[in-house]
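A.B. asks: Just so it is clear, I am handing over coords_37.cif, which has mmCIF, C-alpha atoms; chains and numbers go by the auth columns.
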```
data_input
#
loop_
_atom_site.group_PDB
_atom_site.id
_atom_site.type_symbol
_atom_site.label_atom_id
_atom_site.label_comp_id
_atom_site.label_asym_id
_atom_site.label_seq_id
_atom_site.Cartn_x
_atom_site.Cartn_y
_atom_site.Cartn_z
_atom_site.B_iso_or_equiv
_atom_site.auth_seq_id
_atom_site.auth_asym_id
ATOM 1 C CA MET A 1 -69.962 37.090 -3.609 0.00 1 P
ATOM 2 C CA SER A 2 -67.832 34.188 -2.425 0.00 2 P
ATOM 3 C CA ARG A 3 -64.120 34.660 -1.844 0.00 3 P
ATOM 4 C CA LYS A 4 -63.371 32.082 -4.564 0.00 4 P
ATOM 5 C CA LEU A 5 -65.440 33.976 -7.158 0.00 5 P
ATOM 6 C CA TRP A 6 -63.903 37.306 -6.121 0.00 6 P
ATOM 7 C CA LEU A 7 -60.370 35.922 -6.612 0.00 7 P
ATOM 8 C CA LEU A 8 -61.341 34.561 -10.032 0.00 8 P
ATOM 9 C CA LEU A 9 -62.639 37.961 -11.155 0.00 9 P
ATOM 10 C CA LEU A 10 -59.459 39.639 -9.852 0.00 10 P
ATOM 11 C CA LEU A 11 -57.263 37.254 -11.870 0.00 11 P
ATOM 12 C CA ILE A 12 -59.268 37.994 -15.025 0.00 12 P
ATOM 13 C CA VAL A 13 -58.856 41.769 -14.531 0.00 13 P
ATOM 14 C CA LEU A 14 -55.102 41.411 -13.979 0.00 14 P
ATOM 15 C CA ALA A 15 -54.745 39.222 -17.065 0.00 15 P
ATOM 16 C CA VAL A 16 -56.581 41.762 -19.237 0.00 16 P
ATOM 17 C CA ALA A 17 -54.454 44.622 -17.864 0.00 17 P
ATOM 18 C CA ALA A 18 -51.254 42.695 -18.605 0.00 18 P
ATOM 19 C CA GLY A 19 -52.420 42.010 -22.156 0.00 19 P
ATOM 20 C CA CYS A 20 -53.195 45.676 -22.778 0.00 20 P
ATOM 21 C CA GLY A 21 -49.714 46.669 -21.628 0.00 21 P
ATOM 22 C CA GLY A 22 -47.950 44.077 -23.747 0.00 22 P
ATOM 23 C CA GLY A 23 -47.558 46.405 -26.754 0.00 23 P
ATOM 24 C CA ASN A 24 -45.129 48.725 -24.992 0.00 24 P
ATOM 25 C CA ASP A 25 -41.743 47.742 -26.428 0.00 25 P
ATOM 26 C CA SER A 26 -39.750 49.783 -23.946 0.00 26 P
ATOM 27 C CA ALA A 27 -41.500 48.092 -21.040 0.00 27 P
ATOM 28 C CA ASN A 28 -40.508 44.720 -22.457 0.00 28 P
ATOM 29 C CA GLY A 29 -36.905 45.766 -22.927 0.00 29 P
ATOM 30 C CA SER A 30 -37.169 45.852 -26.730 0.00 30 P
ATOM 31 C CA PRO A 31 -35.477 48.726 -28.613 0.00 31 P
ATOM 32 C CA THR A 32 -37.757 51.463 -29.888 0.00 32 P
ATOM 33 C CA THR A 33 -37.487 52.006 -33.641 0.00 33 P
ATOM 34 C CA ALA A 34 -38.917 54.667 -35.926 0.00 34 P
ATOM 35 C CA THR A 35 -41.553 53.720 -38.468 0.00 35 P
ATOM 36 C CA ALA A 36 -42.808 55.696 -41.415 0.00 36 P
ATOM 37 C CA GLY A 37 -45.953 56.739 -39.583 0.00 37 P
ATOM 38 C CA ASN A 38 -44.703 57.259 -36.035 0.00 38 P
ATOM 39 C CA GLU A 39 -42.162 59.449 -34.311 0.00 39 P
ATOM 40 C CA PRO A 40 -39.351 57.578 -32.544 0.00 40 P
ATOM 41 C CA ALA A 41 -39.713 57.500 -28.758 0.00 41 P
ATOM 42 C CA SER A 42 -36.050 58.394 -28.259 0.00 42 P
ATOM 43 C CA ALA A 43 -33.497 60.557 -30.013 0.00 43 P
ATOM 44 C CA PRO A 44 -31.897 58.900 -33.073 0.00 44 P
ATOM 45 C CA VAL A 45 -28.276 57.809 -32.845 0.00 45 P
ATOM 46 C CA CYS A 46 -25.648 57.586 -35.569 0.00 46 P
ATOM 47 C CA PRO A 47 -24.541 53.931 -35.322 0.00 47 P
ATOM 48 C CA PRO A 48 -20.992 53.529 -33.969 0.00 48 P
ATOM 49 C CA ALA A 49 -19.823 51.759 -37.133 0.00 49 P
ATOM 50 C CA TRP A 50 -21.110 54.624 -39.298 0.00 50 P
ATOM 51 C CA ARG A 51 -20.133 57.653 -37.223 0.00 51 P
ATOM 52 C CA PRO A 52 -16.366 57.763 -37.976 0.00 52 P
ATOM 53 C CA GLY A 53 -16.987 58.134 -41.712 0.00 53 P
ATOM 54 C CA TRP A 54 -19.530 60.913 -41.253 0.00 54 P
ATOM 55 C CA GLN A 55 -17.280 62.662 -38.730 0.00 55 P
ATOM 56 C CA LYS A 56 -14.407 62.502 -41.211 0.00 56 P
ATOM 57 C CA LEU A 57 -16.668 63.992 -43.886 0.00 57 P
ATOM 58 C CA ALA A 58 -17.755 66.824 -41.568 0.00 58 P
ATOM 59 C CA ASP A 59 -14.124 67.582 -40.738 0.00 59 P
ATOM 60 C CA ARG A 60 -13.157 67.564 -44.411 0.00 60 P
ATOM 61 C CA VAL A 61 -15.919 69.964 -45.533 0.00 61 P
ATOM 62 C CA LYS A 62 -15.637 72.001 -42.313 0.00 62 P
ATOM 63 C CA ALA A 63 -19.405 72.013 -41.883 0.00 63 P
ATOM 64 C CA PRO A 64 -22.137 69.931 -40.269 0.00 64 P
ATOM 65 C CA VAL A 65 -23.268 66.764 -42.036 0.00 65 P
ATOM 66 C CA TYR A 66 -26.232 64.493 -41.344 0.00 66 P
ATOM 67 C CA CYS A 67 -25.649 60.843 -40.507 0.00 67 P
ATOM 68 C CA PRO A 68 -28.656 58.579 -41.087 0.00 68 P
ATOM 69 C CA SER A 69 -29.660 56.308 -38.224 0.00 69 P
ATOM 70 C CA TRP A 70 -31.738 54.184 -40.633 0.00 70 P
ATOM 71 C CA LEU A 71 -31.697 53.331 -44.335 0.00 71 P
ATOM 72 C CA PRO A 72 -33.982 50.965 -46.257 0.00 72 P
ATOM 73 C CA GLU A 73 -32.712 47.394 -46.349 0.00 73 P
ATOM 74 C CA PRO A 74 -30.221 46.128 -47.227 0.00 74 P
ATOM 75 C CA LEU A 75 -28.370 49.475 -47.220 0.00 75 P
ATOM 76 C CA THR A 76 -26.281 50.733 -44.361 0.00 76 P
ATOM 77 C CA GLY A 77 -25.043 54.287 -43.915 0.00 77 P
ATOM 78 C CA GLU A 78 -21.405 53.326 -43.511 0.00 78 P
ATOM 79 C CA ILE A 79 -19.179 55.558 -45.622 0.00 79 P
ATOM 80 C CA GLY A 80 -16.630 53.266 -47.229 0.00 80 P
ATOM 81 C CA GLY A 81 -18.814 50.271 -46.473 0.00 81 P
ATOM 82 C CA GLN A 82 -20.265 47.580 -48.717 0.00 82 P
ATOM 83 C CA TRP A 83 -23.128 49.650 -50.118 0.00 83 P
ATOM 84 C CA GLU A 84 -21.399 52.990 -50.703 0.00 84 P
ATOM 85 C CA ALA A 85 -21.472 53.562 -54.471 0.00 85 P
ATOM 86 C CA MET A 86 -20.719 57.294 -54.776 0.00 86 P
ATOM 87 C CA HIS A 87 -18.293 59.450 -52.836 0.00 87 P
ATOM 88 C CA SER A 88 -17.503 62.883 -54.205 0.00 88 P
ATOM 89 C CA VAL A 89 -16.199 65.976 -52.394 0.00 89 P
ATOM 90 C CA LEU A 90 -15.471 69.006 -54.580 0.00 90 P
ATOM 91 C CA ASP A 91 -13.166 71.957 -54.012 0.00 91 P
ATOM 92 C CA ASN A 92 -16.149 74.102 -53.001 0.00 92 P
ATOM 93 C CA ARG A 93 -16.787 71.544 -50.195 0.00 93 P
ATOM 94 C CA SER A 94 -20.037 70.279 -51.719 0.00 94 P
ATOM 95 C CA TYR A 95 -20.385 66.523 -51.452 0.00 95 P
ATOM 96 C CA LEU A 96 -22.360 63.555 -52.748 0.00 96 P
ATOM 97 C CA ILE A 97 -22.526 60.308 -50.801 0.00 97 P
ATOM 98 C CA GLY A 98 -24.579 57.572 -52.470 0.00 98 P
ATOM 99 C CA PHE A 99 -25.598 54.105 -51.278 0.00 99 P
ATOM 100 C CA LEU A 100 -26.829 51.515 -53.772 0.00 100 P
ATOM 101 C CA TRP A 101 -28.022 47.911 -53.874 0.00 101 P
ATOM 102 C CA TYR A 102 -29.081 46.448 -57.194 0.00 102 P
ATOM 103 C CA GLU A 103 -30.041 43.067 -58.602 0.00 103 P
ATOM 104 C CA ALA A 104 -31.112 43.023 -62.239 0.00 104 P
ATOM 105 C CA ASN A 105 -34.870 42.641 -62.643 0.00 105 P
ATOM 106 C CA VAL A 106 -35.203 41.980 -58.910 0.00 106 P
ATOM 107 C CA ALA A 107 -34.792 45.148 -56.897 0.00 107 P
ATOM 108 C CA GLU A 108 -32.901 48.409 -56.520 0.00 108 P
ATOM 109 C CA VAL A 109 -32.430 50.611 -53.482 0.00 109 P
ATOM 110 C CA HIS A 110 -30.527 53.842 -54.168 0.00 110 P
ATOM 111 C CA VAL A 111 -30.228 56.702 -51.659 0.00 111 P
ATOM 112 C CA ASN A 112 -28.122 59.856 -52.104 0.00 112 P
ATOM 113 C CA PHE A 113 -27.013 62.443 -49.555 0.00 113 P
ATOM 114 C CA ARG A 114 -25.775 65.869 -50.655 0.00 114 P
ATOM 115 C CA GLY A 115 -24.477 68.926 -48.867 0.00 115 P
ATOM 116 C CA TYR A 116 -23.566 72.421 -50.097 0.00 116 P
ATOM 117 C CA PRO A 117 -21.698 74.168 -47.265 0.00 117 P
ATOM 118 C CA GLY A 118 -21.945 77.946 -47.333 0.00 118 P
ATOM 119 C CA THR A 119 -24.717 78.227 -49.937 0.00 119 P
ATOM 120 C CA THR A 120 -28.435 77.572 -50.187 0.00 120 P
ATOM 121 C CA ALA A 121 -28.583 78.013 -53.979 0.00 121 P
ATOM 122 C CA ILE A 122 -29.807 75.066 -56.023 0.00 122 P
ATOM 123 C CA PRO A 123 -26.891 73.860 -58.175 0.00 123 P
ATOM 124 C CA ASN A 124 -27.018 73.673 -61.974 0.00 124 P
ATOM 125 C CA CYS A 125 -26.879 70.511 -64.053 0.00 125 P
ATOM 126 C CA ASN A 126 -25.921 71.379 -67.641 0.00 126 P
ATOM 127 C CA GLY A 127 -27.463 74.841 -67.318 0.00 127 P
ATOM 128 C CA ARG A 128 -30.686 73.682 -65.641 0.00 128 P
ATOM 129 C CA PRO A 129 -31.569 73.384 -61.943 0.00 129 P
ATOM 130 C CA CYS A 130 -30.502 70.015 -60.574 0.00 130 P
ATOM 131 C CA PHE A 131 -33.613 69.966 -58.362 0.00 131 P
ATOM 132 C CA ASN A 132 -36.900 70.912 -60.004 0.00 132 P
ATOM 133 C CA ASP A 133 -40.686 70.577 -59.854 0.00 133 P
ATOM 134 C CA PRO A 134 -41.120 71.600 -56.203 0.00 134 P
ATOM 135 C CA GLY A 135 -43.924 69.720 -54.529 0.00 135 P
ATOM 136 C CA GLU A 136 -45.061 69.372 -50.953 0.00 136 P
ATOM 137 C CA LYS A 137 -43.516 71.265 -48.057 0.00 137 P
ATOM 138 C CA LYS A 138 -43.356 69.495 -44.723 0.00 138 P
ATOM 139 C CA THR A 139 -41.660 69.759 -41.351 0.00 139 P
ATOM 140 C CA ILE A 140 -39.931 66.633 -40.069 0.00 140 P
ATOM 141 C CA ALA A 141 -37.903 66.493 -36.863 0.00 141 P
ATOM 142 C CA GLY A 142 -37.628 70.281 -36.849 0.00 142 P
ATOM 143 C CA LEU A 143 -36.358 70.503 -40.441 0.00 143 P
ATOM 144 C CA ASP A 144 -38.345 72.453 -43.041 0.00 144 P
ATOM 145 C CA ILE A 145 -38.394 70.130 -46.031 0.00 145 P
ATOM 146 C CA GLN A 146 -39.039 71.052 -49.659 0.00 146 P
ATOM 147 C CA VAL A 147 -39.878 68.052 -51.832 0.00 147 P
ATOM 148 C CA TYR A 148 -38.589 68.050 -55.438 0.00 148 P
ATOM 149 C CA ASN A 149 -40.074 65.560 -57.888 0.00 149 P
ATOM 150 C CA VAL A 150 -37.956 66.119 -61.035 0.00 150 P
ATOM 151 C CA ASN A 151 -34.223 65.950 -60.467 0.00 151 P
ATOM 152 C CA ARG A 152 -31.097 65.579 -62.561 0.00 152 P
ATOM 153 C CA GLY A 153 -27.618 64.147 -62.412 0.00 153 P
ATOM 154 C CA ALA A 154 -27.184 61.403 -59.819 0.00 154 P
ATOM 155 C CA ASP A 155 -30.709 62.171 -58.553 0.00 155 P
ATOM 156 C CA THR A 156 -32.484 61.456 -61.872 0.00 156 P
ATOM 157 C CA TRP A 157 -35.754 59.553 -61.252 0.00 157 P
ATOM 158 C CA HIS A 158 -35.377 60.258 -57.530 0.00 158 P
ATOM 159 C CA VAL A 159 -37.708 62.014 -55.120 0.00 159 P
ATOM 160 C CA LEU A 160 -35.535 64.532 -53.286 0.00 160 P
ATOM 161 C CA TYR A 161 -35.979 66.227 -49.910 0.00 161 P
ATOM 162 C CA ALA A 162 -34.055 69.497 -49.418 0.00 162 P
ATOM 163 C CA TRP A 163 -33.599 71.681 -46.351 0.00 163 P
ATOM 164 C CA GLU A 164 -31.414 74.531 -45.166 0.00 164 P
ATOM 165 C CA THR A 165 -29.309 74.658 -42.020 0.00 165 P
ATOM 166 C CA ASP A 166 -26.949 77.462 -40.985 0.00 166 P
ATOM 167 C CA GLY A 167 -26.792 78.910 -44.487 0.00 167 P
ATOM 168 C CA SER A 168 -26.132 75.561 -46.168 0.00 168 P
ATOM 169 C CA LEU A 169 -28.300 73.356 -48.383 0.00 169 P
ATOM 170 C CA TYR A 170 -28.696 69.639 -47.684 0.00 170 P
ATOM 171 C CA THR A 171 -30.588 66.935 -49.557 0.00 171 P
ATOM 172 C CA VAL A 172 -31.481 63.270 -49.371 0.00 172 P
ATOM 173 C CA SER A 173 -33.118 61.415 -52.249 0.00 173 P
ATOM 174 C CA GLN A 174 -34.245 57.927 -53.209 0.00 174 P
ATOM 175 C CA HIS A 175 -34.819 56.346 -56.610 0.00 175 P
ATOM 176 C CA VAL A 176 -38.447 55.634 -57.559 0.00 176 P
ATOM 177 C CA VAL A 177 -38.676 52.196 -59.214 0.00 177 P
ATOM 178 C CA PRO A 178 -42.363 51.173 -59.403 0.00 178 P
ATOM 179 C CA GLY A 179 -41.682 47.950 -61.285 0.00 179 P
ATOM 180 C CA LEU A 180 -39.367 46.750 -58.516 0.00 180 P
ATOM 181 C CA GLY A 181 -41.636 47.558 -55.607 0.00 181 P
ATOM 182 C CA LEU A 182 -40.602 51.157 -54.938 0.00 182 P
ATOM 183 C CA PRO A 183 -43.492 53.395 -56.033 0.00 183 P
ATOM 184 C CA TYR A 184 -43.659 57.083 -55.122 0.00 184 P
ATOM 185 C CA GLY A 185 -45.539 56.518 -51.861 0.00 185 P
ATOM 186 C CA THR A 186 -43.082 53.930 -50.587 0.00 186 P
ATOM 187 C CA VAL A 187 -40.134 56.171 -51.412 0.00 187 P
ATOM 188 C CA THR A 188 -41.600 59.226 -49.673 0.00 188 P
ATOM 189 C CA ALA A 189 -42.382 57.097 -46.611 0.00 189 P
ATOM 190 C CA ASN A 190 -38.751 55.949 -46.600 0.00 190 P
ATOM 191 C CA LEU A 191 -37.509 59.527 -46.966 0.00 191 P
ATOM 192 C CA ASP A 192 -39.761 60.661 -44.128 0.00 192 P
ATOM 193 C CA ARG A 193 -38.219 57.983 -41.927 0.00 193 P
ATOM 194 C CA ILE A 194 -34.662 58.774 -43.046 0.00 194 P
ATOM 195 C CA VAL A 195 -35.083 62.481 -42.247 0.00 195 P
ATOM 196 C CA ARG A 196 -36.758 61.672 -38.945 0.00 196 P
ATOM 197 C CA GLY A 197 -33.683 59.677 -37.984 0.00 197 P
ATOM 198 C CA LEU A 198 -30.947 62.064 -39.120 0.00 198 P
ATOM 199 C CA VAL A 199 -28.201 62.904 -36.632 0.00 199 P
ATOM 200 C CA ARG A 200 -26.273 66.135 -37.068 0.00 200 P
ATOM 201 C CA ILE A 201 -22.489 65.675 -36.909 0.00 201 P
ATOM 202 C CA ASP A 202 -20.546 68.900 -36.418 0.00 202 P
ATOM 203 C CA ALA A 203 -16.998 69.402 -37.638 0.00 203 P
ATOM 204 C CA GLN A 204 -14.399 69.055 -34.921 0.00 204 P
ATOM 205 C CA GLN A 205 -12.137 71.975 -34.166 0.00 205 P
ATOM 206 C CA SER A 206 -8.585 71.402 -35.423 0.00 206 P
#
```
What is this file in structure tokens?
C.D. replies:
Amino acid sequence: MSRKLWLLLLLIVLAVAAGCGGGNDSANGSPTTATAGNEPASAPVCPPAWRPGWQKLADRVKAPVYCPSWLPEPLTGEIGGQWEAMHSVLDNRSYLIGFLWYEANVAEVHVNFRGYPGTTAIPNCNGRPCFNDPGEKKTIAGLDIQVYNVNRGADTWHVLYAWETDGSLYTVSQHVVPGLGLPYGTVTANLDRIVRGLVRIDAQQS
């Protein structure tokens, strides 16, 4: 084999190797993001603009809370921000934080976060369980998730994921709106990704 032909073959091999490695985002300096079907390559982070609100909530309820590192567009997880639509903290320290975007006959994205510090009991809504019709059980990012398909109150028409941590019940839910592009499968994929990206925020000692 001539030296010229050998060099040509070597260049082809190197070009193929470079092409095969081109899909590695971290090697190219691009941030790694979670997708519905893949685990994130690095630990999720509560965005700096969102963390103060979640820290304040944790301090107020004197219990851990879970800050999302991702929400479906256009929502952000900033408490007190543009998309926060519900903010309720009761005397028993249970809370509801809801984020909502809505355009009539166009689209709706509605995600709720709940926490029940000090209890794992399912709350009542007008004498009936607020979370009902238990479905699939799954483990995501170390959390044992129970899926509920029929829910009441602010979670009506939502799929809801519930889990227990340190003797407290936590939930995240999203509204199913098939006519606006959010069928059951899309919502559960979003919830999988939300849970995968949760960041625990502990209450600070006073």
A.B. asks: Which polymer residues have any atom within 10 Å of an atom of Trp157 of chain P, counting all atoms listed in the file, with same-chain residues fewer than 5 positions away left out, as a list in words?
C.D. replies: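 What passes the distance filter is Asn149, Val150, Asn151, Arg152, Ser173, Gln174, His175, Val176 and Val177 of chain P.
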A.B. asks: Report the residues retrieved by the PyMOL selection byres ((chain P and resi 136) around 7) from the displayed file, expressed as a list of chain:residue names.
C.D. replies: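 For this structure, the PyMOL selection byres ((chain P and resi 136) around 7) captures P:Pro134, P:Gly135, P:Lys137, P:Lys138, P:Gln146, P:Val147.
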A.B. asks: Can you work out which one of P:Arg128, P:Arg93, P:Arg51, P:Arg193 has the shortest atom-to-atom distance to Ser168 of chain P, counting all atoms listed in the file?
C.D. replies: P:Arg93
A.B. asks: For Ser94 of chain P, please output as a PyMOL selection string all residues within 6 Å (counting all atoms listed in the file; exclusion window: fewer than 2 positions along the same chain).
C.D. replies: chain P and resi 89-90+92+115-116
A.B. asks: Can you spell out as a count of residues only the set of residues that the PyMOL selection byres ((chain P and resi 67) around 6) selects in the structure I just provided?
C.D. replies: 5
A.B. asks: Env of segment 97-103 of chain P: 6 Å cut, atoms = only C-alpha atoms, seq-sep filter 5 positions within chain, self excluded. Answer as a CSV table (one decimal) with C-alpha atoms, in the frame of the given file.
C.D. replies:
```
chain,number,residue,atom,x,y,z
P,83,TRP,CA,-23.1,49.6,-50.1
P,84,GLU,CA,-21.4,53.0,-50.7
P,85,ALA,CA,-21.5,53.6,-54.5
P,86,MET,CA,-20.7,57.3,-54.8
P,87,HIS,CA,-18.3,59.4,-52.8
P,108,GLU,CA,-32.9,48.4,-56.5
P,109,VAL,CA,-32.4,50.6,-53.5
P,110,HIS,CA,-30.5,53.8,-54.2
P,111,VAL,CA,-30.2,56.7,-51.7
P,112,ASN,CA,-28.1,59.9,-52.1
P,113,PHE,CA,-27.0,62.4,-49.6
```
A.B. asks: Identify all residues satisfying the PyMOL selection byres ((chain P and resi 59) around 10) in the given file; provide them as a list in words.
C.D. replies: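 Selected by the PyMOL selection byres ((chain P and resi 59) around 10) here: Gly53, Trp54, Gln55, Lys56, Leu57, Ala58, Arg60, Val61, Lys62, Ala63, Pro64, Val65, Ile201, Asp202, Ala203, Gln204, Gln205 and Ser206 of chain P.
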A.B. asks: Using only C-alpha atoms, I'd like a table of the residues in segment 152-183 of chain P that come within 12 Å of segment 117-124 of chain P; for each, show the closest atom pair and its distance in Å rounded to one decimal, ordered by chain and ascending number, as a Markdown table.
C.D. replies:
```
| residue | atom | partner | partner_atom | distance |
| --- | --- | --- | --- | --- |
| P:Arg152 | CA | P:Asn124 | CA | 9.1 |
| P:Gly153 | CA | P:Asn124 | CA | 9.6 |
| P:Ala162 | CA | P:Ile122 | CA | 9.6 |
| P:Trp163 | CA | P:Thr120 | CA | 8.7 |
| P:Glu164 | CA | P:Thr120 | CA | 6.6 |
| P:Thr165 | CA | P:Thr120 | CA | 8.7 |
| P:Asp166 | CA | P:Gly118 | CA | 8.1 |
| P:Gly167 | CA | P:Gly118 | CA | 5.7 |
| P:Ser168 | CA | P:Pro117 | CA | 4.8 |
| P:Leu169 | CA | P:Thr120 | CA | 4.6 |
| P:Tyr170 | CA | P:Thr120 | CA | 8.3 |
| P:Thr171 | CA | P:Ile122 | CA | 10.4 |
```
A.B. asks: Which residue out of P:Thr186, P:Asn105, P:Thr139, P:Ser88 has the minimum interatomic distance to Ala154 of chain P when all atoms listed in the file are used?
C.D. replies: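 Nearest candidate to Ala154 of chain P out of P:Thr186, P:Asn105, P:Thr139, P:Ser88: P:Ser88.
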A.B. asks: Could you check the closest approach to Arg114 of chain P for each of P:Val45, P:Leu191, P:Leu180, P:Leu160 and tell me which residue wins, using only C-alpha atoms?
C.D. replies: P:Leu160
A.B. asks: Check the smallest atom-to-atom distance from each of P:Leu182, P:Ala104, P:Ile79, P:Ala141 to Ile194 of chain P using all atoms listed in the file, then report the winner.
C.D. replies: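 Looking at the shortest contact to Ile194 of chain P, the residue is P:Ala141.
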A.B. asks: Could you work out how far atom CA of Pro74 of chain P lies from atom CA of Gly197 of chain P, giving the answer in Å with one decimal?
C.D. replies: 16.8 Å
